[in-house]
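Asks: Attaching a single structure in structure tokens format; questions to follow.
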Amino acid sequence: MKNILVTGGAGFIGSHLVRLLVNKYPNYSIINMDVLTYAGNLANLKDIENKENYTFVKCDICDFESVKNIFKKYKIDNVIHLAAESHVDRSIKDPFSFAQTNVMGTLSLLQTAKLYWNENYENKLFYHVSTDEVYGSLGKEGFFTETTAYDPHSPYSASKASSDHFVRAFQDTYNLPTLISNCSNNYGSYQFPEKLIPLFINNIKNNKPLPVYGKGENVRDWLFVNDHARAIDVIFHSGKLGETYNIGGFNEWKNIDLIKVIIKTVDKYLGRPEGTSEKLITFVTDRAGHDLRYAIDSTKLKDELGWEPSLQFEEGIDKTVKWYLENEDWLQNVTSRDYSKYYVEMYNTK
Ligand code: NAD
């Protein structure tokens with residue numbers, strides 16, 4: 001038996017993780033705590049919402065008093081912390097809310113765990129889910145490893161780096177049992193369509209411009225979201241306390257090449273001749289402070305805990321494109337919120 005508090009479980013990665021845990025571990029009680037920002041969507045969890053071992057609680061991680069009450073009420077003995085402001089472009093416009101949620105929110109959870117567990121740390125764990133963006137940018141060669149020095153460049157990555165430091169500080173200062181994982185870019189179903197892959201699938205479908213930063217030369221390592229959820233499951237159960245694990249797919253793509261794969265796949269499903277939608281590619285001014293290349297070395301996770309990605313990228317993209325094309329209602333529901341306004345403001349295009 002475990003009472004696991006998953007924060008941010010209504011978001012993209014959180015919903016995949018909650019589904020995995022609820023279905024795989026009927027003996028665990030999974031408490032999904034989420035404040036439901038624009039990125040949190042309970043429709044992501046429709047298929048499991050009536051399961052006995054699942055509870056949703058609407059709560060802001062920054063609300064220290066309410067968080068303490070939730071720990072008490074549900075006798076929380078494990079935390080998997082994903083709640084965050086997660087979009088780099090939004091962090092450039094509004095860094096305060098990123099510091100508030102990602103730093104102060106993490107601190108509020110850490111402090112609650114410390115107080116509530118009261119140094120009785122047997123079978124307790126605080127697992128913090130983080131990003132490879134904390135490591136900064138790579139040149140053409142090399143990989144981020146768990147010992148790469150932090151060098152964040154965007155307000156988003158600075159806030160995540162800070163939250164990682166707080167987690168380590170609680171481990172070192174109070175012996176709070178913690179784990180951290182830093183993962184590369186995720187893709188898959190239920191991702192809010194401000195992020196590159198769902199944004200582009202939707203735009204190609206609707207014959208709208210595909211805004212590509214700079215010359216599309218930036219390189220990212222892409223991982224299928226279900227593989228990230230599997231990795232979190234493995235690390236949560238078998239990771240060594242106090243350790244950090246990098247999670248990645250050894251799957252680097254230049255943005256422009258990735259976009260061409262997406263175009264090819266969407267055109268195939270829409271019955272358009274190959275390459276038809278390439279004319280939609282529109283180069284726009286590069287993102288300020290845009291990191292050139294991220295690449296993760298996840299050898300430690302493979303060697304020590306036996307995790308590997310389960311899917312080839314082309315297969316993952318195919319599944320993902322199919323999902324967005326078949327789930328028109330989900331996309332409509334999400335895009336009809338204030339997302340449209342944001343989209344116009346961000347890219348100055350209709
Ligand atoms: P997301 O934006 O899709 O979801 C974030 C969730 O957190 C939403 O459900 C939102 O409502 C919730 N939330 C935000 N502020 C909150 C608050 N104050 N209190 C309670 N809930 C709040 O994000 P995601 O892409 O699923 O990312 C989840 C985590 O994984 C984040 O910590 C992110 O930094 C990390 N991560 C993401 C990626 C990626 O590619 N998406 C890669 C590596 C790490």
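To be explicit about the labels: the chains of the structure tokens are called A, B, and onward in the order shown, and within each one the residues are counted from 1, while ligands get numbers from 1 in the order they are shown.
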Using only C-alpha atoms, tabulate the residues of segment 171-231 of chain A lying at most 12 Å from any atom of segment 251-275 of chain A, each with its closest atom pair and that distance in Å to one decimal, by chain and increasing residue number, as JSON lines.

Replies:
```
{"residue": "A:Ser184", "atom": "CA", "partner": "A:Asn251", "partner_atom": "CA", "distance": 9.6}
{"residue": "A:Asn185", "atom": "CA", "partner": "A:Glu252", "partner_atom": "CA", "distance": 10.0}
{"residue": "A:Asn186", "atom": "CA", "partner": "A:Asn251", "partner_atom": "CA", "distance": 11.2}
{"residue": "A:Tyr187", "atom": "CA", "partner": "A:Leu258", "partner_atom": "CA", "distance": 11.9}
{"residue": "A:Leu196", "atom": "CA", "partner": "A:Ile259", "partner_atom": "CA", "distance": 8.8}
{"residue": "A:Ile197", "atom": "CA", "partner": "A:Ile262", "partner_atom": "CA", "distance": 7.6}
{"residue": "A:Pro198", "atom": "CA", "partner": "A:Ile262", "partner_atom": "CA", "distance": 9.6}
{"residue": "A:Leu199", "atom": "CA", "partner": "A:Ile262", "partner_atom": "CA", "distance": 10.7}
{"residue": "A:Phe200", "atom": "CA", "partner": "A:Ile262", "partner_atom": "CA", "distance": 7.6}
{"residue": "A:Ile201", "atom": "CA", "partner": "A:Val266", "partner_atom": "CA", "distance": 6.7}
{"residue": "A:Asn202", "atom": "CA", "partner": "A:Val266", "partner_atom": "CA", "distance": 9.3}
{"residue": "A:Asn203", "atom": "CA", "partner": "A:Ile263", "partner_atom": "CA", "distance": 10.0}
{"residue": "A:Ile204", "atom": "CA", "partner": "A:Ile263", "partner_atom": "CA", "distance": 7.0}
{"residue": "A:Lys205", "atom": "CA", "partner": "A:Val266", "partner_atom": "CA", "distance": 7.3}
{"residue": "A:Asn206", "atom": "CA", "partner": "A:Leu270", "partner_atom": "CA", "distance": 10.9}
{"residue": "A:Asn207", "atom": "CA", "partner": "A:Asp267", "partner_atom": "CA", "distance": 10.9}
{"residue": "A:Pro209", "atom": "CA", "partner": "A:Ile263", "partner_atom": "CA", "distance": 12.0}
{"residue": "A:Leu210", "atom": "CA", "partner": "A:Ile259", "partner_atom": "CA", "distance": 8.8}
{"residue": "A:Pro211", "atom": "CA", "partner": "A:Ile259", "partner_atom": "CA", "distance": 10.3}
{"residue": "A:Val212", "atom": "CA", "partner": "A:Ile256", "partner_atom": "CA", "distance": 7.6}
{"residue": "A:Tyr213", "atom": "CA", "partner": "A:Asn255", "partner_atom": "CA", "distance": 8.7}
{"residue": "A:Gly214", "atom": "CA", "partner": "A:Ile256", "partner_atom": "CA", "distance": 10.0}
{"residue": "A:Lys215", "atom": "CA", "partner": "A:Ile256", "partner_atom": "CA", "distance": 7.6}
{"residue": "A:Gly216", "atom": "CA", "partner": "A:Ile256", "partner_atom": "CA", "distance": 4.6}
{"residue": "A:Glu217", "atom": "CA", "partner": "A:Lys254", "partner_atom": "CA", "distance": 5.6}
{"residue": "A:Asn218", "atom": "CA", "partner": "A:Lys254", "partner_atom": "CA", "distance": 5.5}
{"residue": "A:Val219", "atom": "CA", "partner": "A:Lys254", "partner_atom": "CA", "distance": 4.3}
{"residue": "A:Arg220", "atom": "CA", "partner": "A:Glu252", "partner_atom": "CA", "distance": 5.5}
{"residue": "A:Asp221", "atom": "CA", "partner": "A:Glu252", "partner_atom": "CA", "distance": 4.2}
{"residue": "A:Trp222", "atom": "CA", "partner": "A:Asn251", "partner_atom": "CA", "distance": 5.7}
{"residue": "A:Leu223", "atom": "CA", "partner": "A:Asn251", "partner_atom": "CA", "distance": 7.4}
{"residue": "A:Phe224", "atom": "CA", "partner": "A:Asn251", "partner_atom": "CA", "distance": 10.3}
```

Asks: Can you spit out the residues from that selection as an mmCIF file, in the first residue's frame, using C-alpha atoms?

Replies:
```
data_model
loop_
_atom_site.group_PDB
_atom_site.id
_atom_site.type_symbol
_atom_site.label_atom_id
_atom_site.label_comp_id
_atom_site.auth_asym_id
_atom_site.auth_seq_id
_atom_site.Cartn_x
_atom_site.Cartn_y
_atom_site.Cartn_z
ATOM 1 C CA SER A 184 14.305 15.571 -22.646
ATOM 2 C CA ASN A 185 11.385 16.899 -24.760
ATOM 3 C CA ASN A 186 8.269 14.740 -24.599
ATOM 4 C CA TYR A 187 5.674 14.178 -27.306
ATOM 5 C CA LEU A 196 5.592 22.270 -31.173
ATOM 6 C CA ILE A 197 4.286 18.845 -32.209
ATOM 7 C CA PRO A 198 0.524 19.213 -31.475
ATOM 8 C CA LEU A 199 0.642 22.854 -32.638
ATOM 9 C CA PHE A 200 2.040 21.828 -35.999
ATOM 10 C CA ILE A 201 -0.262 18.838 -36.465
ATOM 11 C CA ASN A 202 -3.238 21.111 -35.857
ATOM 12 C CA ASN A 203 -1.927 23.863 -38.144
ATOM 13 C CA ILE A 204 -1.136 21.467 -40.988
ATOM 14 C CA LYS A 205 -4.649 20.038 -40.704
ATOM 15 C CA ASN A 206 -6.115 23.556 -40.881
ATOM 16 C CA ASN A 207 -3.713 24.859 -43.552
ATOM 17 C CA PRO A 209 1.297 28.748 -41.145
ATOM 18 C CA LEU A 210 3.906 26.699 -39.280
ATOM 19 C CA PRO A 211 5.996 29.252 -37.337
ATOM 20 C CA VAL A 212 9.598 27.968 -37.203
ATOM 21 C CA TYR A 213 12.040 29.820 -34.961
ATOM 22 C CA GLY A 214 15.206 31.133 -36.706
ATOM 23 C CA LYS A 215 16.265 28.710 -39.417
ATOM 24 C CA GLY A 216 14.942 25.645 -37.637
ATOM 25 C CA GLU A 217 18.513 24.626 -36.747
ATOM 26 C CA ASN A 218 17.894 23.986 -33.042
ATOM 27 C CA VAL A 219 18.269 20.373 -31.991
ATOM 28 C CA ARG A 220 16.148 18.580 -29.395
ATOM 29 C CA ASP A 221 16.078 15.012 -28.122
ATOM 30 C CA TRP A 222 12.493 13.641 -28.281
ATOM 31 C CA LEU A 223 10.928 10.986 -26.077
ATOM 32 C CA PHE A 224 7.468 9.402 -26.327
#
```

Asks: Taking only C-alpha atoms and all ligand atoms and a cut-off of 8 Å, can you tell me which residues surround ligand 1, written as an MDAnalysis selection string?

Replies: chainID A and resid 7:15 33:41 58:62 81:87 100:102 105 128:133 160 182:187 191:192

Asks: Which of segment 39-194 of chain A counts as strand (DSSP E or B) under DSSP, as an MDAnalysis selection string please?

Replies: chainID A and resid 54:58 78:81 125:131 138 144 178:183 185:187

Asks: Give me, as a PyMOL selection string, the residues of segment 222-310 of chain A that a backbone DSSP run labels alpha helix (DSSP H).

Replies: chain A and resi 225-238+255-270+299-305

Asks: For the selection you just gave me, I'd like the residues written to a file as a tab-separated table (two decimals), in the first residue's frame, keeping C-alpha atoms.

Replies:
```tsv
chain	number	residue	atom	x	y	z
A	225	VAL	CA	5.50	10.47	-23.25
A	226	ASN	CA	4.51	6.91	-22.27
A	227	ASP	CA	8.22	6.06	-22.12
A	228	HIS	CA	8.76	8.99	-19.75
A	229	ALA	CA	5.93	7.70	-17.54
A	230	ARG	CA	7.50	4.20	-17.61
A	231	ALA	CA	10.85	5.70	-16.62
A	232	ILE	CA	9.28	7.57	-13.68
A	233	ASP	CA	7.65	4.33	-12.55
A	234	VAL	CA	11.02	2.51	-12.66
A	235	ILE	CA	12.93	5.31	-10.89
A	236	PHE	CA	10.21	5.74	-8.27
A	237	HIS	CA	10.37	2.04	-7.37
A	238	SER	CA	14.08	1.28	-7.83
A	255	ASN	CA	13.58	21.27	-35.67
A	256	ILE	CA	13.28	21.69	-39.42
A	257	ASP	CA	13.79	17.96	-40.05
A	258	LEU	CA	11.30	17.06	-37.34
A	259	ILE	CA	8.76	19.41	-38.90
A	260	LYS	CA	9.18	17.69	-42.27
A	261	VAL	CA	8.49	14.30	-40.67
A	262	ILE	CA	5.33	15.71	-39.07
A	263	ILE	CA	4.23	17.22	-42.40
A	264	LYS	CA	4.82	13.93	-44.19
A	265	THR	CA	2.83	11.96	-41.62
A	266	VAL	CA	-0.11	14.39	-41.45
A	267	ASP	CA	-0.29	14.68	-45.24
A	268	LYS	CA	-0.31	10.87	-45.48
A	269	TYR	CA	-3.29	10.58	-43.10
A	270	LEU	CA	-5.16	13.44	-44.79
A	299	THR	CA	23.10	5.42	-19.88
A	300	LYS	CA	22.91	5.48	-16.08
A	301	LEU	CA	19.18	4.77	-16.15
A	302	LYS	CA	19.71	1.94	-18.62
A	303	ASP	CA	22.69	0.36	-16.85
A	304	GLU	CA	21.46	0.70	-13.27
A	305	LEU	CA	17.68	0.35	-13.60
```

Asks: Quick one: residues within 7 Å of segment 74-80 of chain A, only C-alpha atoms counted, chain neighbours fewer than 5 positions away excluded, as a PyMOL selection string?

Replies: chain A and resi 2-7+124-128

Asks: Measuring between only C-alpha atoms, which one of A:Phe144, A:Ala295, A:Thr112, A:Leu20 shows the shortest distance to Asn69 of chain A?

Replies: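 For Asn69 of chain A, the nearest of the candidates is A:Thr112.
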
Asks: Quick one: distance from atom CA of Leu115 of chain A to atom CA of Ser159 of chain A in Å, one decimal?

Replies: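 We find that atom CA of Leu115 of chain A and atom CA of Ser159 of chain A lie 23.7 Å from each other.
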
Asks: How many Å lie between atom CA of Ala158 of chain A and atom CA of His16 of chain A, rounded to one decimal?

Replies: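 Going from atom CA of Ala158 of chain A over to atom CA of His16 of chain A, I get 25.5 Å.
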
Asks: Between A:Thr106, A:Asn50, A:Thr55, A:Leu241, which has the minimum distance to Glu122 of chain A (counting only C-alpha atoms)?

Replies: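 Using only C-alpha atoms, Glu122 of chain A sits closest to A:Leu241.
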